[in-house]
Every structure is written in structure tokens, then in C-alpha cells.
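Novice: Have a peek at target_22.txt (compact mmCIF, C-alpha atoms).
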# COMPACT_ATOMS: atom_id res chain seq x y z
CA MET A 1 0.00 0.00 0.00
CA ASP A 2 1.50 3.33 -1.10
CA LEU A 3 1.19 5.76 1.80
CA ASN A 4 1.78 9.37 2.56
CA LYS A 5 1.63 11.03 5.96
CA ILE A 6 -1.91 12.29 5.30
CA ASP A 7 -3.05 8.67 4.97
CA LEU A 8 -1.46 8.00 8.36
CA GLY A 9 -3.32 10.88 10.04
CA TRP A 10 -0.69 13.63 9.69
CA HIS A 11 -1.92 17.11 10.60
CA SER A 12 -0.57 20.66 10.66
CA PHE A 13 -0.40 20.26 14.45
CA PHE A 14 2.26 17.57 14.02
CA GLU A 15 3.99 19.45 11.21
CA LYS A 16 4.61 22.36 13.55
CA ALA A 17 5.78 20.07 16.37
CA PHE A 18 8.22 18.30 14.01
CA GLN A 19 9.96 21.50 12.84
CA PRO A 20 12.75 21.44 15.50
CA TYR A 21 13.85 18.00 14.18
CA GLN A 22 13.86 18.82 10.46
CA ASN A 23 17.53 19.82 10.42
CA GLU A 24 18.63 16.41 11.69
CA ASP A 25 19.98 14.39 8.76
CA GLY A 26 17.73 11.48 7.89
CA TRP A 27 15.21 11.98 10.70
CA VAL A 28 11.57 11.41 9.77
CA ALA A 29 8.18 11.16 11.46
CA GLY A 30 6.31 7.87 11.79
CA ARG A 31 3.23 6.60 13.58
CA VAL A 32 3.24 3.80 16.15
CA SER A 33 0.95 0.96 15.06
CA LEU A 34 1.88 -1.76 17.56
CA GLU A 35 3.75 -1.96 20.85
CA HIS A 36 5.87 -4.99 21.73
CA LYS A 37 7.68 -5.49 25.03
CA HIS A 38 10.73 -3.39 24.14
CA MET A 39 10.06 -2.64 20.47
CA TYR A 40 7.51 -0.78 18.38
CA ARG A 41 6.11 -1.23 14.90
CA VAL A 42 5.97 2.17 13.21
CA GLN A 43 4.29 3.17 9.93
CA THR A 44 6.20 5.63 7.75
CA GLU A 45 6.07 6.83 4.16
CA SER A 46 8.92 4.36 3.51
CA GLY A 47 6.91 1.45 4.89
CA GLU A 48 6.65 -0.33 8.22
CA MET A 49 9.67 -0.16 10.54
CA LEU A 50 10.62 -2.09 13.66
CA ALA A 51 11.86 0.55 16.11
CA GLU A 52 13.38 0.87 19.55
CA ILE A 53 13.73 3.98 21.67
CA SER A 54 17.10 5.70 21.98
CA GLY A 55 19.22 5.42 25.11
CA LYS A 56 18.88 9.16 25.75
CA MET A 57 15.08 8.98 25.54
CA ARG A 58 14.98 6.00 27.86
CA HIS A 59 17.25 7.82 30.36
CA ASN A 60 15.07 10.95 30.35
CA ALA A 61 11.75 9.10 30.65
CA LEU A 62 10.28 9.28 34.15
CA ARG A 63 6.72 8.01 33.69
CA ARG A 64 4.85 5.67 31.37
CA GLU A 65 3.39 8.62 29.45
CA ASP A 66 6.94 9.58 28.36
CA TYR A 67 7.13 6.43 26.23
CA PRO A 68 5.42 5.92 22.85
CA ALA A 69 1.89 4.54 22.72
CA VAL A 70 -0.21 3.19 19.85
CA GLY A 71 -1.33 6.16 17.75
CA ASP A 72 1.64 8.36 18.64
CA TRP A 73 3.67 10.24 16.05
CA VAL A 74 7.35 9.75 16.81
CA VAL A 75 10.67 11.13 15.54
CA LEU A 76 12.81 8.42 13.92
CA SER A 77 16.25 7.93 12.48
CA LEU A 78 16.19 5.14 9.90
CA ARG A 79 18.73 2.38 9.45
CA GLU A 80 19.13 2.20 5.70
CA GLY A 81 18.23 -1.11 4.14
CA GLU A 82 17.22 -2.73 7.43
CA GLN A 83 13.58 -1.61 7.86
CA ARG A 84 14.60 -0.71 11.40
CA ALA A 85 14.69 2.64 13.19
CA VAL A 86 15.47 4.41 16.45
CA ILE A 87 12.83 6.57 18.20
CA HIS A 88 14.23 9.83 19.55
CA ALA A 89 11.07 11.65 20.67
CA VAL A 90 7.28 11.50 20.88
CA LEU A 91 5.51 14.44 19.24
CA PRO A 92 2.82 16.20 21.34
CA ARG A 93 -0.53 14.40 21.36
CA ARG A 94 -3.71 15.94 19.95
CA SER A 95 -5.83 13.57 22.00
CA LYS A 96 -5.17 10.83 24.52
CA PHE A 97 -7.51 8.20 25.91
CA SER A 98 -6.15 7.05 29.28
CA ARG A 99 -7.30 5.00 32.22
CA LYS A 100 -5.75 4.07 35.54
CA VAL A 101 -3.91 0.76 35.34
CA ALA A 102 -5.78 -2.13 36.90
CA GLY A 103 -4.98 -2.93 40.52
CA GLN A 104 -3.64 -0.81 43.36
CA VAL A 105 -0.88 1.01 41.46
CA THR A 106 -1.67 4.68 40.73
CA GLU A 107 -0.31 4.92 37.22
CA GLU A 108 -1.66 6.04 33.86
CA GLN A 109 -2.23 3.53 31.07
CA ILE A 110 -2.48 5.20 27.67
CA VAL A 111 -4.95 3.23 25.58
CA ALA A 112 -4.72 5.21 22.31
CA THR A 113 -3.52 8.63 21.16
CA ASN A 114 -4.22 11.11 18.37
CA VAL A 115 -7.73 9.76 17.88
CA ASP A 116 -10.41 11.82 16.12
CA THR A 117 -13.43 9.69 17.02
CA VAL A 118 -13.99 7.07 19.71
CA PHE A 119 -16.48 4.30 19.02
CA LEU A 120 -17.77 3.27 22.46
CA VAL A 121 -19.06 -0.21 21.68
CA SER A 122 -21.61 -1.76 24.03
CA ALA A 123 -23.52 -4.98 23.33
CA LEU A 124 -27.32 -5.08 23.53
CA ASN A 125 -27.38 -8.39 25.36
CA GLN A 126 -27.25 -9.47 29.01
CA ASP A 127 -24.07 -7.43 29.48
CA PHE A 128 -25.78 -4.09 28.65
CA ASN A 129 -24.99 -1.52 31.36
CA VAL A 130 -25.83 2.20 31.20
CA ARG A 131 -23.58 3.03 34.16
CA ARG A 132 -20.59 1.53 32.34
CA ILE A 133 -21.41 3.64 29.26
CA GLU A 134 -21.40 6.74 31.49
CA ARG A 135 -17.92 5.82 32.68
CA TYR A 136 -16.63 5.36 29.13
CA LEU A 137 -18.13 8.70 28.14
CA VAL A 138 -16.29 10.54 30.93
CA LEU A 139 -12.94 9.25 29.68
CA ALA A 140 -13.86 9.76 26.03
CA TRP A 141 -14.72 13.44 26.56
CA GLU A 142 -11.55 13.91 28.60
CA SER A 143 -9.43 12.41 25.80
CA GLY A 144 -10.16 15.24 23.38
CA ALA A 145 -11.74 12.91 20.80
CA ASN A 146 -15.41 12.89 19.78
CA PRO A 147 -17.40 9.98 21.26
CA VAL A 148 -19.86 7.93 19.22
CA ILE A 149 -21.89 5.20 20.93
CA VAL A 150 -22.22 1.96 18.98
CA LEU A 151 -24.83 -0.44 20.38
CA SER A 152 -23.86 -3.81 18.92
CA LYS A 153 -25.51 -7.25 18.68
CA ALA A 154 -28.99 -5.83 18.14
CA ASP A 155 -30.02 -9.25 16.84
CA LEU A 156 -29.72 -10.55 20.43
CA CYS A 157 -32.10 -7.91 21.83
CA GLU A 158 -35.90 -7.72 21.67
CA ASN A 159 -36.09 -3.98 22.35
CA PRO A 160 -32.95 -2.23 21.00
CA ASP A 161 -34.72 1.09 20.46
CA GLU A 162 -35.85 1.22 24.11
CA LEU A 163 -32.31 0.57 25.34
CA ALA A 164 -30.99 3.22 22.95
CA GLU A 165 -33.39 5.71 24.58
CA GLU A 166 -31.91 4.84 27.99
CA VAL A 167 -28.45 5.57 26.61
CA ALA A 168 -29.60 8.83 25.00
CA ALA A 169 -30.75 10.04 28.42
CA VAL A 170 -27.18 9.87 29.75
CA ALA A 171 -25.28 10.61 26.52
CA ILE A 172 -26.46 14.13 25.82
CA GLY A 173 -25.67 15.20 22.26
CA VAL A 174 -23.65 12.05 21.48
CA PRO A 175 -24.49 10.14 18.25
CA ILE A 176 -25.91 6.65 18.89
CA HIS A 177 -25.91 3.85 16.31
CA ILE A 178 -27.65 0.50 16.67
CA ILE A 179 -25.87 -2.23 14.72
CA SER A 180 -25.84 -5.96 14.14
CA SER A 181 -22.84 -7.45 12.38
CA ALA A 182 -24.70 -10.77 12.05
CA GLU A 183 -27.58 -9.08 10.20
CA HIS A 184 -25.45 -6.34 8.55
CA ARG A 185 -27.70 -3.79 10.21
CA GLY A 186 -26.66 -0.16 10.69
CA LEU A 187 -23.03 -0.74 9.70
CA ASP A 188 -22.98 1.58 6.69
CA ALA A 189 -23.86 4.54 8.91
CA LEU A 190 -20.43 4.29 10.58
CA ALA A 191 -18.54 4.89 7.33
CA ARG A 192 -18.84 8.69 7.56
CA TYR A 193 -16.56 8.74 10.61
CA ILE A 194 -13.77 6.75 8.90
CA THR A 195 -12.47 8.88 6.03
CA GLN A 196 -8.94 9.48 4.76
CA GLY A 197 -6.56 10.48 7.55
CA GLN A 198 -9.23 10.13 10.24
CA THR A 199 -8.45 7.87 13.21
CA VAL A 200 -11.21 5.96 14.99
CA ALA A 201 -10.52 3.96 18.16
CA LEU A 202 -12.84 1.14 19.23
CA LEU A 203 -13.31 0.82 22.98
CA GLY A 204 -15.52 -1.45 25.02
CA SER A 205 -15.71 -4.46 27.28
CA SER A 206 -14.59 -7.94 26.25
CA GLY A 207 -16.85 -9.66 23.77
CA VAL A 208 -18.95 -6.71 22.60
CA GLY A 209 -18.04 -7.34 18.96
CA LYS A 210 -15.19 -4.88 18.29
CA SER A 211 -13.10 -7.36 16.28
CA THR A 212 -16.13 -8.39 14.20
CA LEU A 213 -16.82 -4.73 13.50
CA VAL A 214 -13.18 -4.13 12.46
CA ASN A 215 -13.37 -7.09 10.06
CA HIS A 216 -16.54 -5.71 8.49
CA ILE A 217 -15.11 -2.22 8.06
CA TYR A 218 -11.84 -3.61 6.64
CA GLY A 219 -13.70 -5.79 4.15
CA ARG A 220 -12.25 -9.16 5.19
CA ASP A 221 -11.33 -11.11 8.32
CA ILE A 222 -8.06 -9.72 9.64
CA LEU A 223 -8.78 -10.24 13.36
CA ASN A 224 -9.79 -13.38 15.23
CA ILE A 225 -13.28 -13.40 16.67
CA GLY A 226 -14.87 -15.57 19.36
CA ASP A 227 -18.28 -17.16 19.72
CA ILE A 228 -20.89 -16.10 22.25
CA ARG A 229 -20.77 -18.11 25.50
CA ALA A 230 -24.13 -19.72 26.16
CA ASP A 231 -23.99 -19.41 29.94
CA ASP A 232 -23.70 -15.63 30.25
CA ASP A 233 -24.33 -14.29 26.71
CA LYS A 234 -20.83 -12.74 26.58
CA GLY A 235 -18.43 -12.97 23.69
CA LYS A 236 -15.04 -14.59 24.14
CA HIS A 237 -12.16 -12.16 24.58
CA THR A 238 -10.04 -12.24 21.39
CA THR A 239 -8.03 -9.02 21.01
CA THR A 240 -4.97 -9.08 23.28
CA HIS A 241 -3.15 -5.89 22.29
CA ARG A 242 -3.75 -2.41 20.91
CA GLU A 243 -3.16 -2.13 17.17
CA LEU A 244 -3.41 0.63 14.58
CA ILE A 245 -4.93 -0.68 11.35
CA LEU A 246 -4.74 1.14 8.00
CA LEU A 247 -7.87 0.61 5.92
CA PRO A 248 -7.62 -0.17 2.17
CA ASP A 249 -10.06 2.62 1.27
CA GLY A 250 -8.58 5.20 3.64
CA GLY A 251 -9.08 5.85 7.32
CA ILE A 252 -7.42 4.36 10.38
CA LEU A 253 -8.78 2.11 13.11
CA ILE A 254 -7.26 1.43 16.52
CA ASP A 255 -8.53 -1.83 17.96
CA THR A 256 -8.13 -2.30 21.71
CA PRO A 257 -8.47 -5.26 24.08
CA GLY A 258 -11.67 -5.53 26.06
CA MET A 259 -11.50 -3.69 29.36
CA ARG A 260 -12.65 -5.79 32.29
CA GLU A 261 -11.84 -2.91 34.64
CA LEU A 262 -12.20 0.74 33.63
CA GLN A 263 -10.86 3.08 36.31
CA LEU A 264 -10.85 6.81 35.70
CA TRP A 265 -7.70 8.82 35.17
CA SER A 266 -7.59 12.63 35.51
CA ALA A 267 -11.05 13.24 34.03
CA SER A 268 -12.57 16.28 35.77
CA GLU A 269 -13.44 18.05 32.51
CA GLY A 270 -14.83 14.85 31.06
CA LEU A 271 -17.01 14.42 34.14
CA SER A 272 -18.42 17.94 33.77
CA THR A 273 -19.16 17.39 30.08
CA SER A 274 -20.74 13.97 30.61
CA PHE A 275 -22.89 15.15 33.51
CA GLN A 276 -23.65 18.66 32.31
CA ASP A 277 -27.36 18.10 33.06
CA ILE A 278 -26.59 17.60 36.77
CA GLU A 279 -24.10 20.46 36.93
CA GLU A 280 -26.62 22.84 35.30
CA VAL A 281 -29.15 21.95 38.01
CA ALA A 282 -26.47 22.34 40.73
CA GLU A 283 -25.80 25.90 39.57
CA GLN A 284 -29.31 26.78 40.78
CA CYS A 285 -28.57 25.71 44.37
CA PHE A 286 -28.76 28.53 46.95
CA PHE A 287 -25.26 27.79 48.28
CA GLN A 288 -22.37 27.74 45.81
CA ASP A 289 -20.60 25.00 47.79
CA CYS A 290 -23.77 22.93 48.21
CA LYS A 291 -23.03 19.24 48.73
CA HIS A 292 -26.64 18.28 47.87
CA GLU A 293 -27.14 16.53 51.18
CA ASN A 294 -28.93 18.48 53.94
CA GLU A 295 -28.52 22.07 52.73
CA PRO A 296 -31.67 24.20 52.34
CA LYS A 297 -32.82 25.36 48.89
CA CYS A 298 -30.86 22.60 47.14
CA ALA A 299 -31.94 22.47 43.50
CA VAL A 300 -30.47 18.98 43.04
CA LYS A 301 -32.48 17.53 45.94
CA ALA A 302 -35.59 19.19 44.56
CA ALA A 303 -34.97 17.66 41.12
CA LEU A 304 -34.46 14.26 42.71
CA ASP A 305 -37.70 14.61 44.70
CA THR A 306 -39.73 15.53 41.61
CA GLY A 307 -38.10 12.86 39.46
CA THR A 308 -36.71 15.31 36.88
CA LEU A 309 -33.29 13.98 37.84
CA ALA A 310 -32.84 10.21 38.04
CA ALA A 311 -31.45 9.01 41.37
CA GLU A 312 -29.30 6.35 39.68
CA ARG A 313 -27.63 8.94 37.47
CA PHE A 314 -26.93 11.27 40.39
CA GLN A 315 -25.49 8.39 42.43
CA SER A 316 -23.22 7.53 39.50
CA TYR A 317 -22.07 11.17 39.31
CA VAL A 318 -21.25 11.26 43.03
CA LYS A 319 -19.41 7.94 42.83
CA LEU A 320 -17.25 9.12 39.93
CA GLN A 321 -16.56 12.43 41.70
CA LYS A 322 -15.29 10.58 44.78
CA GLU A 323 -13.19 8.27 42.61
CA LEU A 324 -11.52 11.24 40.89
CA ALA A 325 -10.88 13.01 44.19
CA TYR A 326 -9.22 9.90 45.63
CA LEU A 327 -7.14 9.47 42.47
CA ALA A 328 -6.01 13.11 42.60
CA ARG A 329 -4.72 12.65 46.13
CA LYS A 330 -2.82 9.53 45.11
CA GLU A 331 -1.49 11.19 41.95
CA ASP A 332 -0.08 14.13 43.94
CA LYS A 333 2.08 11.67 45.85
CA GLY A 334 3.13 10.07 42.59
CA LEU A 335 4.13 13.42 41.10
CA GLN A 336 6.23 14.17 44.17
CA ALA A 337 7.99 10.84 43.78
CA ALA A 338 8.58 11.47 40.05
CA GLU A 339 10.06 14.91 40.77
CA LYS A 340 12.35 13.37 43.36
CA ALA A 341 13.44 10.71 40.87
CA LYS A 342 14.14 13.37 38.23
CA TRP A 343 16.49 15.32 40.49
CA LYS A 344 18.17 12.11 41.59
CA LYS A 345 18.95 11.35 37.94
CA ILE A 346 20.32 14.87 37.43
CA HIS A 347 22.58 14.64 40.48
CA GLN A 348 23.84 11.19 39.43
CA SER A 349 24.59 12.54 35.97
CA LEU A 350 26.56 15.48 37.42
CA LYS A 351 28.57 13.19 39.69
CA SER A 352 29.51 10.94 36.80
CA GLN A 353 31.02 13.84 34.81
CA PRO A 354 34.82 14.20 35.09
CA HIS A 355 36.05 17.08 37.28
CA ARG A 356 37.93 19.84 35.52
Output the structure of this file as C-alpha cells.

Specialist:
Amino acid sequence: MDLNKIDLGWHSFFEKAFQPYQNEDGWVAGRVSLEHKHMYRVQTESGEMLAEISGKMRHNALRREDYPAVGDWVVLSLREGEQRAVIHAVLPRRSKFSRKVAGQVTEEQIVATNVDTVFLVSALNQDFNVRRIERYLVLAWESGANPVIVLSKADLCENPDELAEEVAAVAIGVPIHIISSAEHRGLDALARYITQGQTVALLGSSGVGKSTLVNHIYGRDILNIGDIRADDDKGKHTTTHRELILLPDGGILIDTPGMRELQLWSASEGLSTSFQDIEEVAEQCFFQDCKHENEPKCAVKAALDTGTLAAERFQSYVKLQKELAYLARKEDKGLQAAEKAKWKKIHQSLKSQPHR
């Protein structure tokens, strides 16, 4: 496939960021398509390269976000005739979908970067969960990409339109598409998001049909898919890594593994955007610092009492607020540790220099 940087998602934003590196002989920009343990597959105008990061970049990296992620544009020096390269820098990101890593460690996991549109895929079967969709929306809005909700496996649901209305009530202004890959229903409507140079990431729980959807959009089976388990109506988990896929007719997909655990990461703006209906009501409270508990003239309590605000949605909002507040406290400690590590590296570097 003959490619240029526009096909790969190049933008004037990256052109400007790459200018300081243009004087370096033989340095080019490429886009990370796959991450191995210590290596990266990178797409360039010269073809696919196997790349590793430079020693200097590794030395200066303090946190996971300092390393390349799938979707990143990176600065490369090519090894002629080897289809191999060295990564010297990661260009600034236009968008970044992140979550907290699973478990007790307070660390960011970058799922995909430089994405224009996020397909939030949720199956219309026994696994359907509006609260989970709310959580995905918070992170999608925070990422800087535009969310689109894709309700898959409509053939397994008796009332897909009713469930779509439930989603619409919590996804204000977000496009919603009902699809069925088995029945080829609603799939053509997704094509308008996947045009030349546009990057679409697919996110969702295990078994919601992301790989099947990728295969349909691509035009043939390029990803393995699993059958539905009879006992719980869930699909088998098939995708095991994040991968950037170039489509034959233009456009770029980033397929991601199913997320069994989706913890928020630094998403205060995304929370406000996702729950703007609640925050608009809260602005009418008599006290600016109203906690919506026992304060008089609380507009939120009044809306809950009259039913104009759903109790489940408000409880979800409060839960996510508390989760973000806890994460912020933990992250502050992490930043302090990172700053300490940075200065330790600087002092070690100074000590290792010969005295004059």
C-alpha cells in the first residue's frame, strides 16, 4: 500500500511540532501501530519499521506517558536497508484516551492517542450496562476525541430502540448507532466517521463485537473473533493488544483489548461534560458550595424529589466524583515521587562527569 503522511493521520499540528527536528539528517516522522515489550512497529512513508527507543530517551523518561503509545507520532532515524529505526522523541498528542492501570498502582495507562473519534461499543445483550457507558463517556470526553456510541448485537435484543433511549438520556448530544454485524444492520452509517486520515478507536468491554466490526469495516477477516458463550451471553475475549490498522479505502482504526476494569484517570473536565445536566441543576442551588445533602434550597435535591433527575444517574455522578478526588490525592504523591526521581537522575549525571 503506497502511503503518505496524510493517509497516516498527519496534521498541521504535528507538522509544527516536528519543525525542530527537520535539520537532523535522515530523521523522519512515523506513527506507532503496535507496541511490543521493548520494540515498536511504526508506519512511515517508507513502509513499516521495527523501532526501539534511543538510550537518551529511555534515560530521560520518568513516567509511562513519556514512552510511545499506539497512535503516537514519533521522531525516527532510519537504518538504511534494514527496515529498522530508532525513536528519539514522541511528538505532542492531539488527543489521549487514558485510564488508571488495573490494581492498586496509581499509574496512567495510555490506551490510544491522536484519535479523532472514539467508538464506544456496548452490546445489547445481558451485558448491557448504562452506568458503564457513562464511565466510558467521561474518559472519552476527557481524551479530546469525539465519542460515538455503537450499540452492537442488536439481533440478540428484543427492544434495541428502548435501550438506545436509555443511553440517549445519559449521553447528551452524542451520536448513537444500533448495529448488528450478524444481520449487517446499521453498519454503513459508521462509514462517515472513517475517512482518509481520520483515526477511529474502538473501545468497550470484552466480547462486545469490536473485532467483528473491524473485520466488516476492513472488508475481510483480519482479526480473530470468538463465539458467544451460552452461559452468560458474553463474547469470548479475542483481542490481546492495541493495534493501529490502515484501511484499504482510507481511514485508520485502533482496535483495543476488552477492558474488564475501567478506572478513571484525571477526568474532571470529562465528568463535567458527561454530567452537564446535573451540573446545570447544581448551579441553581442557593449555596455555591452545596453538597446536595442536607442544605436548604438545594436544586439537586428538589430535582431528585420531583423525578426530573434520576437518582441512579446522580449516584453515578457522586461515585465518579469521589473516585476522581481519591485518584487526585494519590497522583499528587506520585508526582512528588517522580520529581524526586528526576532530580536524583540529574545529580547522578553530574557526579559521573569528570572534574575539571

Novice: For a quick check of understanding, using all atoms listed in the file, which of A:Arg313, A:Arg84, A:His177, A:Arg192 has the smallest distance to Leu151 in chain A?

Specialist: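 Among A:Arg313, A:Arg84, A:His177, A:Arg192, it is A:His177 that comes nearest to Leu151 in chain A.
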
Novice: Would you please work out which residue, of A:Ile172, A:Gln196, A:Asn60, A:Gln126, is nearest to Cys157 in chain A when using all atoms listed in the file?

Specialist: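 Smallest separation from Cys157 in chain A among the options: A:Gln126.
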
Novice: I'd like the interatomic distance between CA of Thr256 in chain A and CA of His241 in chain A, to a tenth of an Å.

Specialist: 6.2 Å

Novice: Do you have the CA of Lys5 in chain A-CA of Glu35 in chain A distance handy?

Specialist: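 That distance, rounded to one decimal, is 19.9 Å.
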
Novice: Give me, please, the distance in Å between CA of Arg31 in chain A and CA of Gln43 in chain A, quoted to one decimal.

Specialist: 5.1 Å

Novice: Out of A:Val318, A:Leu202, A:Ile53, A:Leu163, which residue has the shortest atom-to-atom distance to Val130 in chain A when counting all atoms listed in the file?

Specialist: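 Of A:Val318, A:Leu202, A:Ile53, A:Leu163, the one nearest Val130 in chain A, counting all atoms listed in the file, is A:Leu163.
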
Novice: Out of A:Pro175, A:Leu156, A:Glu183, A:Val138, which residue has the shortest atom-to-atom distance to Leu320 in chain A when counting only C-alpha atoms?

Specialist: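 Of all the options, A:Val138 lies closest to Leu320 in chain A.
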
Novice: How big is the axis-aligned box, and where does its centre sit, when it encloses all atoms of range 322-331 of chain A listed in the file and has 4 Å added on every side, reported in Å to one decimal as JSON?

Specialist:
{"center_x": -8.4, "center_y": 10.7, "center_z": 43.5, "size_x": 21.8, "size_y": 12.8, "size_z": 13.2}

Novice: Name the residues, using the chain letters and numbers of the file, that sit within 9 Å of (-22.1, 8.6, 17.1) when counting only C-alpha atoms, and give them as a ChimeraX atom specification.

Specialist: /A:117-120,146-150,174-177,190,193

Novice: Between A:Glu52, A:Glu80, A:Glu65, A:Glu142, single out the one closest to Ser274 in chain A, counting only C-alpha atoms.

Specialist: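 Of all the options, A:Glu142 lies closest to Ser274 in chain A.
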
Novice: Using all atoms listed in the file, which residue out of A:Gly219, A:Pro257, A:Pro68, A:Gly250 lies closest to Ser205 in chain A?

Specialist: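 Under the stated criterion, the closest residue is A:Pro257.
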
Novice: Need to verify the contact set: Leu8 in chain A, 12 Å, all atoms listed in the file, exclusion of same-chain residues closer than 4 positions in sequence. Can you return it as JSON, numbers by chain?

Specialist: {"A": [1, 2, 3, 4, 14, 29, 30, 31, 32, 33, 42, 43, 44, 45, 47, 48, 71, 72, 73, 114, 115, 195, 196, 197, 198, 199, 200, 244, 245, 246, 247, 248, 250, 251, 252, 253, 254]}

Novice: Based on the selection just made, write C-alpha atoms of those residues as a PDB file, in the coordinates of the input.

Specialist:
ATOM      1  CA  MET A   1       0.000   0.000   0.000  1.00  0.00           C
ATOM      2  CA  ASP A   2       1.500   3.330  -1.100  1.00  0.00           C
ATOM      3  CA  LEU A   3       1.190   5.760   1.800  1.00  0.00           C
ATOM      4  CA  ASN A   4       1.780   9.370   2.560  1.00  0.00           C
ATOM      5  CA  PHE A  14       2.260  17.570  14.020  1.00  0.00           C
ATOM      6  CA  ALA A  29       8.180  11.160  11.460  1.00  0.00           C
ATOM      7  CA  GLY A  30       6.310   7.870  11.790  1.00  0.00           C
ATOM      8  CA  ARG A  31       3.230   6.600  13.580  1.00  0.00           C
ATOM      9  CA  VAL A  32       3.240   3.800  16.150  1.00  0.00           C
ATOM     10  CA  SER A  33       0.950   0.960  15.060  1.00  0.00           C
ATOM     11  CA  VAL A  42       5.970   2.170  13.210  1.00  0.00           C
ATOM     12  CA  GLN A  43       4.290   3.170   9.930  1.00  0.00           C
ATOM     13  CA  THR A  44       6.200   5.630   7.750  1.00  0.00           C
ATOM     14  CA  GLU A  45       6.070   6.830   4.160  1.00  0.00           C
ATOM     15  CA  GLY A  47       6.910   1.450   4.890  1.00  0.00           C
ATOM     16  CA  GLU A  48       6.650  -0.330   8.220  1.00  0.00           C
ATOM     17  CA  GLY A  71      -1.330   6.160  17.750  1.00  0.00           C
ATOM     18  CA  ASP A  72       1.640   8.360  18.640  1.00  0.00           C
ATOM     19  CA  TRP A  73       3.670  10.240  16.050  1.00  0.00           C
ATOM     20  CA  ASN A 114      -4.220  11.110  18.370  1.00  0.00           C
ATOM     21  CA  VAL A 115      -7.730   9.760  17.880  1.00  0.00           C
ATOM     22  CA  THR A 195     -12.470   8.880   6.030  1.00  0.00           C
ATOM     23  CA  GLN A 196      -8.940   9.480   4.760  1.00  0.00           C
ATOM     24  CA  GLY A 197      -6.560  10.480   7.550  1.00  0.00           C
ATOM     25  CA  GLN A 198      -9.230  10.130  10.240  1.00  0.00           C
ATOM     26  CA  THR A 199      -8.450   7.870  13.210  1.00  0.00           C
ATOM     27  CA  VAL A 200     -11.210   5.960  14.990  1.00  0.00           C
ATOM     28  CA  LEU A 244      -3.410   0.630  14.580  1.00  0.00           C
ATOM     29  CA  ILE A 245      -4.930  -0.680  11.350  1.00  0.00           C
ATOM     30  CA  LEU A 246      -4.740   1.140   8.000  1.00  0.00           C
ATOM     31  CA  LEU A 247      -7.870   0.610   5.920  1.00  0.00           C
ATOM     32  CA  PRO A 248      -7.620  -0.170   2.170  1.00  0.00           C
ATOM     33  CA  GLY A 250      -8.580   5.200   3.640  1.00  0.00           C
ATOM     34  CA  GLY A 251      -9.080   5.850   7.320  1.00  0.00           C
ATOM     35  CA  ILE A 252      -7.420   4.360  10.380  1.00  0.00           C
ATOM     36  CA  LEU A 253      -8.780   2.110  13.110  1.00  0.00           C
ATOM     37  CA  ILE A 254      -7.260   1.430  16.520  1.00  0.00           C
TER      38      ILE A 254
END

Novice: Pick out the residues sitting within 10 Å of range 22-25 of chain A, and hand them over as a list in words; count all atoms listed in the file, and ignore anything fewer than 6 positions along from it in its own chain.

Specialist: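 The residues satisfying every condition are Glu15, Val75 and Ser77 of chain A.
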
Novice: Find the residues with any atom within 8 Å of (-26.1, -8.0, 14.9); use all atoms listed in the file and the coordinates as given in the file, and write the answer as a ChimeraX atom specification.

Specialist: /A:152-156,179-185
